[in-house]
Structures are given as structure tokens and as C-alpha cells.
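Data from protein_26.txt: compact mmCIF, C-alpha atoms and all ligand atoms
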```txt
# COMPACT_ATOMS: atom_id res chain seq x y z
CA MET A 1 -37.28 50.79 -54.29
CA ILE A 2 -37.43 49.02 -50.94
CA THR A 3 -36.16 51.17 -48.07
CA LYS A 4 -37.97 49.68 -45.06
CA ALA A 5 -37.23 46.52 -43.11
CA VAL A 6 -39.03 44.81 -40.26
CA ILE A 7 -37.06 42.74 -37.78
CA PRO A 8 -39.25 40.50 -35.61
CA ALA A 9 -37.41 40.08 -32.32
CA ALA A 10 -40.20 39.62 -29.79
CA GLY A 11 -40.11 35.84 -29.33
CA PHE A 12 -39.47 34.30 -25.91
CA GLY A 13 -36.44 32.29 -27.04
CA THR A 14 -37.43 29.22 -25.03
CA ARG A 15 -34.78 27.10 -26.77
CA PHE A 16 -32.15 29.23 -25.08
CA LEU A 17 -33.30 29.28 -21.47
CA PRO A 18 -32.11 30.17 -18.89
CA ALA A 19 -29.99 32.75 -20.80
CA THR A 20 -33.14 34.29 -22.29
CA LYS A 21 -35.07 34.58 -19.03
CA ALA A 22 -34.16 38.27 -18.65
CA SER A 23 -31.99 38.98 -21.71
CA PRO A 24 -33.07 38.91 -25.36
CA LYS A 25 -31.52 36.10 -27.41
CA GLU A 26 -30.89 38.73 -30.11
CA MET A 27 -28.36 40.39 -27.76
CA LEU A 28 -26.25 37.25 -27.33
CA PRO A 29 -22.83 37.89 -28.84
CA ILE A 30 -21.23 36.25 -31.84
CA VAL A 31 -17.62 36.88 -30.79
CA ASP A 32 -18.05 40.49 -29.57
CA THR A 33 -21.10 41.72 -31.47
CA PRO A 34 -24.75 40.97 -30.68
CA VAL A 35 -26.64 38.85 -33.21
CA ILE A 36 -29.10 41.68 -33.89
CA GLN A 37 -26.32 44.05 -34.96
CA TYR A 38 -25.26 41.66 -37.75
CA VAL A 39 -28.90 41.52 -38.87
CA VAL A 40 -29.20 45.33 -38.92
CA GLU A 41 -25.88 45.60 -40.77
CA GLU A 42 -27.14 43.15 -43.42
CA ALA A 43 -30.28 45.28 -43.90
CA VAL A 44 -28.25 48.49 -44.18
CA ALA A 45 -25.75 46.92 -46.61
CA SER A 46 -28.78 45.91 -48.72
CA GLY A 47 -29.91 49.53 -49.05
CA ILE A 48 -32.44 49.68 -46.19
CA THR A 49 -32.57 53.05 -44.41
CA ASP A 50 -35.55 52.55 -42.11
CA ILE A 51 -35.88 49.64 -39.68
CA LEU A 52 -38.76 48.67 -37.44
CA MET A 53 -37.97 46.17 -34.71
CA VAL A 54 -40.82 44.23 -33.22
CA ILE A 55 -40.00 43.70 -29.56
CA GLY A 56 -41.69 42.45 -26.40
CA LYS A 57 -41.18 42.18 -22.67
CA GLY A 58 -37.56 42.01 -21.54
CA LYS A 59 -36.23 43.39 -24.82
CA ARG A 60 -35.40 46.96 -23.78
CA THR A 61 -31.67 46.39 -24.17
CA LEU A 62 -32.28 46.17 -27.93
CA GLU A 63 -33.41 49.81 -27.85
CA GLU A 64 -30.42 50.79 -25.71
CA HIS A 65 -27.96 49.03 -28.00
CA PHE A 66 -28.98 51.14 -30.99
CA ASP A 67 -29.32 54.41 -29.03
CA ARG A 68 -26.41 56.73 -28.26
CA SER A 69 -24.63 56.24 -24.97
CA PHE A 70 -23.21 59.65 -24.06
CA GLU A 71 -21.62 58.58 -20.76
CA LEU A 72 -19.79 55.72 -22.42
CA GLU A 73 -18.70 57.95 -25.31
CA LEU A 74 -17.28 60.56 -22.88
CA GLU A 75 -15.49 57.86 -20.92
CA LEU A 76 -13.91 56.34 -24.05
CA GLU A 77 -12.91 59.78 -25.30
CA ALA A 78 -11.28 60.65 -21.95
CA LYS A 79 -9.33 57.39 -22.01
CA GLY A 80 -8.24 57.91 -25.62
CA LYS A 81 -9.98 54.69 -26.74
CA LEU A 82 -10.83 56.19 -30.11
CA LYS A 83 -11.32 52.94 -32.04
CA GLU A 84 -13.92 51.73 -29.52
CA LEU A 85 -15.52 55.20 -29.51
CA ALA A 86 -15.93 55.16 -33.30
CA SER A 87 -17.36 51.64 -33.24
CA ILE A 88 -20.05 52.35 -30.63
CA ARG A 89 -20.99 55.67 -32.21
CA ALA A 90 -21.37 53.94 -35.60
CA ILE A 91 -23.99 51.58 -34.12
CA SER A 92 -26.37 54.47 -33.36
CA GLU A 93 -25.85 55.92 -36.84
CA LEU A 94 -26.56 52.73 -38.82
CA ALA A 95 -30.16 53.53 -39.80
CA ASN A 96 -33.38 55.09 -38.55
CA ILE A 97 -34.46 52.43 -36.08
CA HIS A 98 -37.95 52.36 -34.60
CA PHE A 99 -39.57 49.97 -32.16
CA VAL A 100 -43.04 48.57 -31.83
CA TRP A 101 -44.35 46.20 -29.18
CA GLN A 102 -45.99 42.89 -29.90
CA ARG A 103 -48.38 42.62 -26.96
CA LYS A 104 -48.87 38.85 -27.02
CA MET A 105 -46.49 36.37 -28.59
CA LEU A 106 -48.89 35.17 -31.25
CA GLY A 107 -46.35 33.99 -33.80
CA LEU A 108 -44.32 35.41 -36.65
CA GLY A 109 -47.39 36.35 -38.72
CA ASP A 110 -48.73 38.42 -35.83
CA ALA A 111 -45.29 40.01 -35.21
CA ILE A 112 -45.16 41.13 -38.86
CA ARG A 113 -48.70 42.48 -38.57
CA CYS A 114 -47.44 44.87 -35.84
CA ALA A 115 -45.53 46.67 -38.63
CA ARG A 116 -48.65 47.45 -40.66
CA HIS A 117 -48.88 51.17 -39.89
CA HIS A 118 -45.17 51.70 -40.17
CA VAL A 119 -44.72 50.18 -43.63
CA GLY A 120 -47.87 51.77 -45.10
CA ASP A 121 -48.34 50.70 -48.71
CA GLU A 122 -44.73 49.98 -49.62
CA PRO A 123 -43.09 46.57 -50.08
CA PHE A 124 -40.71 45.80 -47.23
CA ALA A 125 -38.03 43.33 -46.17
CA VAL A 126 -38.37 41.00 -43.16
CA LEU A 127 -35.23 39.71 -41.44
CA LEU A 128 -35.59 37.36 -38.47
CA GLY A 129 -33.70 38.90 -35.59
CA ASP A 130 -32.11 35.67 -34.36
CA THR A 131 -30.61 34.45 -37.65
CA LEU A 132 -27.43 35.50 -39.40
CA MET A 133 -26.98 35.22 -43.14
CA GLN A 134 -23.31 35.14 -44.05
CA SER A 135 -23.05 36.13 -47.71
CA LEU A 136 -20.86 33.87 -49.83
CA ASP A 137 -20.22 36.42 -52.59
CA GLY A 138 -20.38 39.79 -50.86
CA VAL A 139 -24.00 40.49 -51.88
CA PRO A 140 -26.11 40.55 -48.68
CA ALA A 141 -28.90 37.94 -48.62
CA THR A 142 -31.63 40.60 -48.31
CA ARG A 143 -30.19 42.45 -51.34
CA GLN A 144 -30.37 39.18 -53.32
CA LEU A 145 -34.11 38.97 -52.54
CA MET A 146 -34.60 42.64 -53.42
CA ASP A 147 -33.03 41.95 -56.84
CA VAL A 148 -35.59 39.18 -57.45
CA HIS A 149 -38.38 41.55 -56.34
CA ASP A 150 -37.07 44.16 -58.82
CA ARG A 151 -37.38 41.55 -61.62
CA PHE A 152 -40.75 40.00 -60.79
CA GLY A 153 -42.48 42.15 -58.14
CA GLY A 154 -44.62 40.41 -55.49
CA CYS A 155 -43.39 38.53 -52.43
CA VAL A 156 -40.00 36.81 -52.37
CA VAL A 157 -38.68 34.30 -49.85
CA ALA A 158 -35.09 33.24 -49.21
CA LEU A 159 -34.55 29.54 -49.89
CA GLU A 160 -31.98 27.13 -48.60
CA GLU A 161 -31.33 23.59 -49.80
CA VAL A 162 -31.25 21.15 -46.88
CA PRO A 163 -30.73 17.37 -46.73
CA PRO A 164 -34.16 15.68 -47.23
CA GLU A 165 -34.21 14.28 -43.67
CA ARG A 166 -34.13 17.83 -42.23
CA VAL A 167 -37.11 19.31 -44.12
CA SER A 168 -39.56 18.57 -41.32
CA ARG A 169 -38.27 21.52 -39.26
CA TYR A 170 -39.10 24.14 -41.90
CA GLY A 171 -41.56 25.60 -44.39
CA VAL A 172 -40.88 23.79 -47.70
CA ILE A 173 -41.76 25.10 -51.16
CA ASP A 174 -43.18 23.48 -54.24
CA GLY A 175 -42.01 25.48 -57.23
CA ASP A 176 -40.70 25.75 -60.77
CA ALA A 177 -37.08 26.73 -61.37
CA LEU A 178 -36.73 29.83 -63.56
CA ASP A 179 -32.94 29.76 -63.42
CA ASP A 180 -30.42 28.07 -61.14
CA ARG A 181 -31.34 30.34 -58.17
CA THR A 182 -34.86 31.64 -58.81
CA TYR A 183 -38.12 29.74 -58.41
CA ARG A 184 -41.72 30.57 -59.00
CA VAL A 185 -43.43 29.23 -55.87
CA ARG A 186 -46.60 27.20 -56.49
CA ASP A 187 -47.28 26.24 -52.88
CA MET A 188 -45.69 25.82 -49.48
CA VAL A 189 -45.99 23.17 -46.76
CA GLU A 190 -45.14 23.82 -43.12
CA LYS A 191 -42.97 21.15 -41.43
CA PRO A 192 -43.82 18.15 -43.68
CA ALA A 193 -42.61 14.61 -43.08
CA PRO A 194 -39.67 13.94 -45.47
CA ALA A 195 -41.83 11.58 -47.57
CA ASP A 196 -44.50 14.28 -48.06
CA ALA A 197 -42.11 17.18 -48.81
CA PRO A 198 -42.49 18.61 -52.33
CA SER A 199 -38.78 19.59 -52.42
CA ASN A 200 -35.79 20.09 -50.16
CA LEU A 201 -35.93 23.89 -50.56
CA VAL A 202 -36.85 25.49 -47.26
CA VAL A 203 -37.77 29.06 -46.38
CA ALA A 204 -34.78 30.64 -44.70
CA SER A 205 -35.51 33.62 -42.44
CA ARG A 206 -35.53 36.48 -44.99
CA TYR A 207 -38.57 37.75 -46.93
CA ILE A 208 -39.71 40.56 -49.17
CA LEU A 209 -43.40 41.16 -48.52
CA THR A 210 -45.90 43.39 -50.27
CA PRO A 211 -48.48 45.25 -48.16
CA ASP A 212 -51.37 43.10 -49.43
CA ILE A 213 -49.94 40.41 -47.09
CA PHE A 214 -51.63 42.10 -44.09
CA SER A 215 -55.16 41.17 -45.18
CA PHE A 216 -54.00 37.55 -45.62
CA ILE A 217 -52.44 37.61 -42.13
CA ASP A 218 -55.77 38.91 -40.75
CA ALA A 219 -57.60 36.05 -42.43
CA ALA A 220 -55.08 33.33 -41.42
CA PRO A 221 -56.55 30.87 -38.91
CA PRO A 222 -54.65 30.76 -35.59
CA GLY A 223 -52.79 27.47 -35.22
CA LYS A 224 -51.18 25.83 -32.18
CA ASN A 225 -51.27 28.12 -29.08
CA GLY A 226 -53.19 30.74 -31.10
CA GLU A 227 -50.08 31.49 -33.19
CA ILE A 228 -50.46 33.00 -36.63
CA GLN A 229 -47.99 31.63 -39.15
CA ILE A 230 -46.67 33.77 -41.98
CA THR A 231 -46.58 30.59 -44.12
CA ASP A 232 -50.39 30.34 -43.93
CA ALA A 233 -50.79 33.95 -45.08
CA LEU A 234 -48.31 33.43 -47.94
CA ARG A 235 -50.10 30.24 -49.05
CA ALA A 236 -53.46 32.01 -49.08
CA ARG A 237 -51.93 34.82 -51.11
CA ILE A 238 -50.59 32.35 -53.70
CA ALA A 239 -54.00 30.60 -53.82
CA ASP A 240 -55.50 34.01 -54.58
CA GLY A 241 -53.40 34.07 -57.76
CA ARG A 242 -50.73 36.55 -56.60
CA PRO A 243 -47.14 35.77 -57.61
CA MET A 244 -44.47 34.64 -55.22
CA HIS A 245 -40.86 33.81 -55.94
CA GLY A 246 -38.09 32.10 -54.06
CA CYS A 247 -34.39 32.91 -54.24
CA ARG A 248 -31.85 30.23 -53.33
CA VAL A 249 -29.54 32.69 -51.64
CA ARG A 250 -25.76 32.62 -51.92
CA ALA A 251 -25.38 32.80 -48.16
CA ARG A 252 -24.79 30.54 -45.21
CA ARG A 253 -27.55 30.64 -42.60
CA HIS A 254 -26.66 30.58 -38.90
CA ASP A 255 -29.56 30.15 -36.49
CA ALA A 256 -28.36 31.78 -33.28
CA GLY A 257 -31.60 30.86 -31.49
CA ASN A 258 -30.49 27.38 -30.44
CA THR A 259 -27.47 26.53 -28.36
CA LEU A 260 -25.58 24.15 -30.68
CA ASP A 261 -25.80 26.37 -33.78
CA PHE A 262 -25.01 29.42 -31.65
CA ILE A 263 -21.78 27.83 -30.42
CA LYS A 264 -20.83 26.63 -33.92
CA THR A 265 -21.45 30.13 -35.30
CA ASN A 266 -19.29 31.65 -32.60
CA ILE A 267 -16.46 29.29 -33.46
CA LEU A 268 -16.76 29.99 -37.21
CA TYR A 269 -16.81 33.76 -36.75
CA ALA A 270 -14.03 33.66 -34.17
CA LEU A 271 -11.86 31.70 -36.61
CA GLN A 272 -12.22 34.69 -38.97
CA HIS A 273 -11.45 37.25 -36.27
CA ALA A 274 -7.88 38.55 -36.65
CA ASP A 275 -7.22 39.03 -32.90
CA ILE A 276 -8.20 35.57 -31.70
CA ALA A 277 -8.31 33.24 -34.74
CA SER A 278 -4.89 31.71 -34.36
CA ALA A 279 -5.04 31.14 -30.57
CA LEU A 280 -8.53 29.62 -30.95
CA ALA A 281 -7.40 27.34 -33.80
CA ASP A 282 -4.52 26.06 -31.60
CA PHE A 283 -6.99 25.40 -28.76
CA ILE A 284 -9.42 23.51 -31.04
CA ILE A 285 -6.65 21.35 -32.49
CA GLU A 286 -5.32 20.60 -29.01
CA LYS A 287 -8.78 19.59 -27.76
CA ALA A 288 -9.50 17.54 -30.92
CA ASP A 289 -6.23 15.63 -30.37
CA GLU A 290 -7.17 14.96 -26.74
CA LEU A 291 -10.62 13.73 -27.81
CA ARG A 292 -9.09 11.48 -30.47
CA GLY A 293 -6.73 10.09 -27.85
CA GLY A 294 -9.78 9.16 -25.75
CA GLU A 295 -9.10 11.76 -23.06
CA ARG A 296 -11.93 13.34 -21.11
CA LEU A 297 -12.00 17.10 -21.64
P1 LIG A 301 -38.76 31.52 -33.29
O1 LIG A 301 -39.85 30.53 -33.20
O2 LIG A 301 -37.40 31.08 -33.71
O3 LIG A 301 -38.54 32.34 -31.96
O4 LIG A 301 -39.25 32.74 -34.18
P2 LIG A 301 -38.91 32.14 -30.47
O5 LIG A 301 -40.36 31.88 -30.29
O6 LIG A 301 -38.34 33.32 -29.79
O7 LIG A 301 -37.98 30.91 -30.11
P3 LIG A 301 -38.19 29.57 -29.28
O8 LIG A 301 -38.71 28.59 -30.29
O9 LIG A 301 -39.14 29.87 -28.15
O10 LIG A 301 -36.81 29.25 -28.78
C1 LIG A 301 -38.54 33.28 -35.26
C2 LIG A 301 -38.41 34.80 -35.11
O11 LIG A 301 -39.68 35.41 -34.97
C3 LIG A 301 -39.74 36.21 -33.81
C4 LIG A 301 -38.63 35.69 -32.91
O12 LIG A 301 -38.14 36.74 -32.07
C5 LIG A 301 -37.59 35.23 -33.92
O13 LIG A 301 -36.75 36.30 -34.33
N1 LIG A 301 -41.07 36.08 -33.19
C6 LIG A 301 -41.62 34.84 -33.01
C7 LIG A 301 -41.75 37.21 -32.80
O14 LIG A 301 -41.25 38.36 -32.95
N2 LIG A 301 -42.97 37.07 -32.23
C8 LIG A 301 -43.57 35.85 -32.04
O15 LIG A 301 -44.71 35.80 -31.52
C9 LIG A 301 -42.85 34.71 -32.45
```
Taking this structure as input, can you express it in the form of C-alpha cells?
Ligand code: UTP
Amino acid sequence: MITKAVIPAAGFGTRFLPATKASPKEMLPIVDTPVIQYVVEEAVASGITDILMVIGKGKRTLEEHFDRSFELELELEAKGKLKELASIRAISELANIHFVWQRKMLGLGDAIRCARHHVGDEPFAVLLGDTLMQSLDGVPATRQLMDVHDRFGGCVVALEEVPPERVSRYGVIDGDALDDRTYRVRDMVEKPAPADAPSNLVVASRYILTPDIFSFIDAAPPGKNGEIQITDALRARIADGRPMHGCRVRARRHDAGNTLDFIKTNILYALQHADIASALADFIIEKADELRGGERL
């Protein structure tokens, strides 16, 4: 049974400057809730009870967000704001959350390596701290991967189908379909040109890893800027004859680490938010009409 998750959240977030100069991108809100809280909630809803966040400089507010805030609780209690009180208390009770520092930003592979002592010799989930996975059928994306791990063991990656012209931004798999959602992965290619891509199935920000991955991370050659890619470690592990599967998840991925997708995600989530959905929909329709009429906004 998988009970531990690692959330890498140490990256600089350069695609989101200047907002990320002093604030973590993982704390940017989708409507009224920071991105990282959705990620933790997905892990908890999947059955995870122990979370290790990999953080770096400027990320202390992540610790504060998941800690109790006694002054705020007293203040809310005194003002009779009991709904707000319950919601902020619930955040600190979500799971056992621990933090470890990545000293140098040496890539996702290195960030995962920082979890080595914490995970010990158990398989664990990895959820990227800047990406939301909105389940389409109520089963959290991480739980879907855990179900594949329960069937086959080994490492499992979340897969997403993308239009062929977009594959060059991602890790792409070469694999054999076992059923309409599950693939046995034969190999992976990082950021291929569309013509060289073995498929249009890309790795999508959630993983189940087994502890043997750490020796493959250690052996992975540093790439651009000394960064260690998790894809290289996973490829070496496959080449060593160890099984890996992919699960085309029933979830919509929202990358909150770039401005356009962040704004789109905010609009989508806000349109599902009872308090503001209808006023926002009116505003969007009004602005769309103005745009259609050739007006400058
Ligand atoms: P990204 O490449 O999206 O994150 O890494 P980044 O480096 O913060 O973003 P940009 O490209 O500069 O805007 C994917 C995930 O891996 C984490 C990031 O925090 C993010 O959640 N990460 C990345 C680390 O924890 N450490 C690293 O060295 C690199």
C-alpha cells in the first residue's frame, strides 16, 4: 500500500516572474485556494497520509500555509466566522506534512532524490507542486496510478494525449497498449520533434516510483545547466529490464506554472464556484461581445 507522497516545489518558477521573485508559484491562488493545496488534497483523497514537500529559498510560506495559525483561529472565533475557522483548521489537519530543502536547483530528478531518506524502501507517489489534475470521474489522478501499481507493480507514470504538434514540450512514451488506458512503456524520449515522437502520449506530472529509482537518479548524467532529469533515470531503469507502465488518466491537467494556463484555470474553476460563477459568466459574455464588435477592452 502506498502511503507516502513527494511534492517537488523547489523550482524558481522563472516563467512566472516577477510574481515568483519572492513568493512561491505554488502559493498563487486558483480562485481562493493556493495551487499547492489542491495538490495536497488530491494526494490525501488518493489515500496518502504522509507528504514530503521539497522546497527551496523563498518557499517558507508553504510551511506556514500547512501549519496551524493560532492567532488567526482566535480572531475568527472571536468574530464568529466559524466557516472560515473550520476551513483554515482543516488545512493543517490534511496529512502529516514534512519539508526538505533542495540546496541547488538541479532539476526534478535531483528534487526527488532529496526524498530518499524519507521514503526509505517503500514505493511512493510524486505530484508536481505546480500542476492541478482535475479528475473527470471522481477518482483522483494519483489514485488511478496507484491502481495500476497495484496490478503490475513497478513505476507508473500519468499519461496525457496531446495534439502531435505539442509533443516537443514533454517527455513522450513509446509503449504497448494493454487496455484502453494502460500501457507498458518500452522507452521514453524527452522533448522530441513531432516527426521523431514515438506517440502523442506525454508524461503528465504524476508518478508512482519505486525506491530502486534512486540509484538510477544517482547514475543519470547531468544535462543542461547540470540538471538531472527524472526521464533519464526512468529510461535507464527500463533499459535495465525493470517494468514501467503508463496510465492515460481520466483527468484534465492544468499547469499553473505559466501565466496563460494559470489564468485559464482560474476562469474554469471560478465558473464552477457557486459564489461568483454567474457574475463572472456575465462579465465574460459582455467582454466577448465587445471583442466581437471590434471594441478595445
Ligand atoms: P518546472 O520546470 O515546471 O519548474 O518543474 P520551475 O523550474 O520552477 O519552472 P520554470 O520553468 O523556471 O518556470 C516542475 C516541478 O518540479 C519542481 C518545480 O517546483 C515544479 O513543481 N522542481 C523543478 C524542483 O523542485 N526542483 C528543481 O530543481 C526543478
Please provide the set of residues having any atom within 8 Å of Leu106 (chain A), restricted to all atoms listed in the file, with same-chain residues fewer than 5 positions apart removed, written as an MDAnalysis selection string. chainID A and resid 111 225:228
Please build the interface table for chain A against ligand LIG 301 (chain A) with a cut-off of 6 Å, listing for each qualifying residue the nearest atom pair and the distance in Å to one decimal; count all atoms listed in the file, order rows by chain and increasing number, and write it as a Markdown table.
```
| residue | atom | partner | partner_atom | distance |
| --- | --- | --- | --- | --- |
| A:Pro8 | CA | A:LIG301 | O14 | 4.0 |
| A:Ala9 | CA | A:LIG301 | O12 | 3.4 |
| A:Ala10 | CA | A:LIG301 | O14 | 3.6 |
| A:Gly11 | CA | A:LIG301 | O6 | 3.1 |
| A:Phe12 | CA | A:LIG301 | O6 | 4.2 |
| A:Gly13 | CA | A:LIG301 | O6 | 3.5 |
| A:Thr14 | CA | A:LIG301 | O9 | 3.6 |
| A:Arg15 | CA | A:LIG301 | O10 | 3.6 |
| A:Phe16 | CA | A:LIG301 | O10 | 6.0 |
| A:Val54 | CA | A:LIG301 | O14 | 5.9 |
| A:Met105 | CA | A:LIG301 | O15 | 3.5 |
| A:Leu106 | CA | A:LIG301 | O15 | 4.2 |
| A:Gly107 | CA | A:LIG301 | O15 | 3.3 |
| A:Leu108 | CA | A:LIG301 | C9 | 4.5 |
| A:Ala111 | CA | A:LIG301 | N2 | 4.8 |
| A:Leu128 | CA | A:LIG301 | O13 | 4.4 |
| A:Gly129 | CA | A:LIG301 | O13 | 4.2 |
| A:Asp130 | CA | A:LIG301 | O13 | 4.7 |
```
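We find CA of Thr182 (chain A) and CA of Leu136 (chain A) to be spaced 16.8 Å apart.
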Between CA of Leu280 (chain A) and CA of Leu297 (chain A) - distance in Å to one decimal: 16.0 Å
Up to 12 Å from (-55.7, 34.5, -52.6) in the file's coordinates: name the residues, counting all atoms listed in the file, as an NGL selection string. :A and (187 or 212-213 or 215-217 or 219-220 or 232-244)
Assuming 5 Å of padding per side, give the centre and edge lengths of the axis-aligned box around every listed atom of region 28-40 of chain A, in Å to one decimal and as lines of an AutoDock Vina configuration file.
```
center_x = -23.4
center_y = 40.8
center_z = -33.1
size_x = 21.6
size_y = 19.1
size_z = 21.6
```
Name all residues at most 8 Å from region 140-145 of chain A (count only C-alpha atoms; drop same-chain ones fewer than 5 positions away) and give them as a VMD selection string. chain A and resid 42 to 43 45 to 47 125 127 133 to 135 156 to 158 206 to 208 247 249 to 251
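The two atoms in question, CA of Asn200 (chain A) and CA of His254 (chain A), are spaced 17.9 Å apart.
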Rank nothing, just name the residue among A:Phe214, A:Phe99, A:Phe152, A:Tyr170 nearest to Phe66 (chain A), using all atoms listed in the file. A:Phe99
Counting all atoms listed in the file, figure out which residue out of A:Val203, A:Met27, A:Ile88, A:Leu132 gets nearest to Glu161 (chain A). A:Val203
Need to verify the contact set: region 188-195 of chain A, 6 Å, all atoms listed in the file, exclusion of same-chain residues closer than 5 positions in sequence. Can you return it as a list in words? Glu165, Ser168, Arg169, Tyr170, Gly171, Val172, Ile173 and Asp174 of chain A
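Proximity ranking of A:Gly109, A:Ala279, A:Glu73, A:Arg151 relative to Pro221 (chain A) places A:Gly109 first, based on only C-alpha atoms.
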Excluding Asp255 (chain A) and its own-chain neighbours fewer than 2 positions away, which residues fall within 12 Å of it when counting only C-alpha atoms? Please give them as JSON, numbers by chain. {"A": [13, 15, 16, 25, 26, 30, 35, 36, 39, 128, 129, 130, 131, 132, 133, 134, 204, 205, 252, 253, 257, 258, 259, 260, 261, 262, 263, 264, 265, 266]}
I want to know what sits within 9 Å of Thr210 (chain A), based on all atoms listed in the file, with residues of the same chain fewer than 4 positions away left out; could you give that as an NGL selection string? :A and (121-125 or 153-155 or 214)
Could you get me a file of region 262-273 of chain A with N, CA and C atoms, as a PDB file, in the first residue's frame, taken from the block above?
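Wrote decode.pdb, looks like this:
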```pdb
ATOM      1  N   PHE A 262      -2.470  29.446 -16.199  1.00  0.00           N
ATOM      2  CA  PHE A 262      -2.901  29.843 -14.856  1.00  0.00           C
ATOM      3  C   PHE A 262      -4.206  30.653 -14.934  1.00  0.00           C
ATOM      4  N   ILE A 263      -4.254  31.594 -15.862  1.00  0.00           N
ATOM      5  CA  ILE A 263      -5.452  32.437 -15.981  1.00  0.00           C
ATOM      6  C   ILE A 263      -6.645  31.605 -16.474  1.00  0.00           C
ATOM      7  N   LYS A 264      -6.385  30.724 -17.454  1.00  0.00           N
ATOM      8  CA  LYS A 264      -7.475  29.854 -17.950  1.00  0.00           C
ATOM      9  C   LYS A 264      -8.014  28.983 -16.809  1.00  0.00           C
ATOM     10  N   THR A 265      -7.093  28.435 -16.008  1.00  0.00           N
ATOM     11  CA  THR A 265      -7.514  27.560 -14.905  1.00  0.00           C
ATOM     12  C   THR A 265      -8.351  28.340 -13.901  1.00  0.00           C
ATOM     13  N   ASN A 266      -7.923  29.563 -13.626  1.00  0.00           N
ATOM     14  CA  ASN A 266      -8.701  30.388 -12.701  1.00  0.00           C
ATOM     15  C   ASN A 266     -10.112  30.618 -13.224  1.00  0.00           C
ATOM     16  N   ILE A 267     -10.214  30.885 -14.524  1.00  0.00           N
ATOM     17  CA  ILE A 267     -11.547  31.129 -15.091  1.00  0.00           C
ATOM     18  C   ILE A 267     -12.403  29.862 -14.991  1.00  0.00           C
ATOM     19  N   LEU A 268     -11.801  28.709 -15.365  1.00  0.00           N
ATOM     20  CA  LEU A 268     -12.563  27.444 -15.315  1.00  0.00           C
ATOM     21  C   LEU A 268     -13.053  27.132 -13.905  1.00  0.00           C
ATOM     22  N   TYR A 269     -12.148  27.272 -12.926  1.00  0.00           N
ATOM     23  CA  TYR A 269     -12.535  26.950 -11.545  1.00  0.00           C
ATOM     24  C   TYR A 269     -13.532  27.980 -11.006  1.00  0.00           C
ATOM     25  N   ALA A 270     -13.353  29.231 -11.399  1.00  0.00           N
ATOM     26  CA  ALA A 270     -14.268  30.267 -10.924  1.00  0.00           C
ATOM     27  C   ALA A 270     -15.669  30.053 -11.494  1.00  0.00           C
ATOM     28  N   LEU A 271     -15.739  29.508 -12.721  1.00  0.00           N
ATOM     29  CA  LEU A 271     -17.048  29.240 -13.327  1.00  0.00           C
ATOM     30  C   LEU A 271     -17.754  28.054 -12.654  1.00  0.00           C
ATOM     31  N   GLN A 272     -17.017  27.359 -11.768  1.00  0.00           N
ATOM     32  CA  GLN A 272     -17.648  26.263 -11.006  1.00  0.00           C
ATOM     33  C   GLN A 272     -17.823  26.654  -9.538  1.00  0.00           C
ATOM     34  N   HIS A 273     -17.554  27.911  -9.231  1.00  0.00           N
ATOM     35  CA  HIS A 273     -17.576  28.372  -7.843  1.00  0.00           C
ATOM     36  C   HIS A 273     -18.916  29.072  -7.584  1.00  0.00           C
TER      37      HIS A 273
END
```
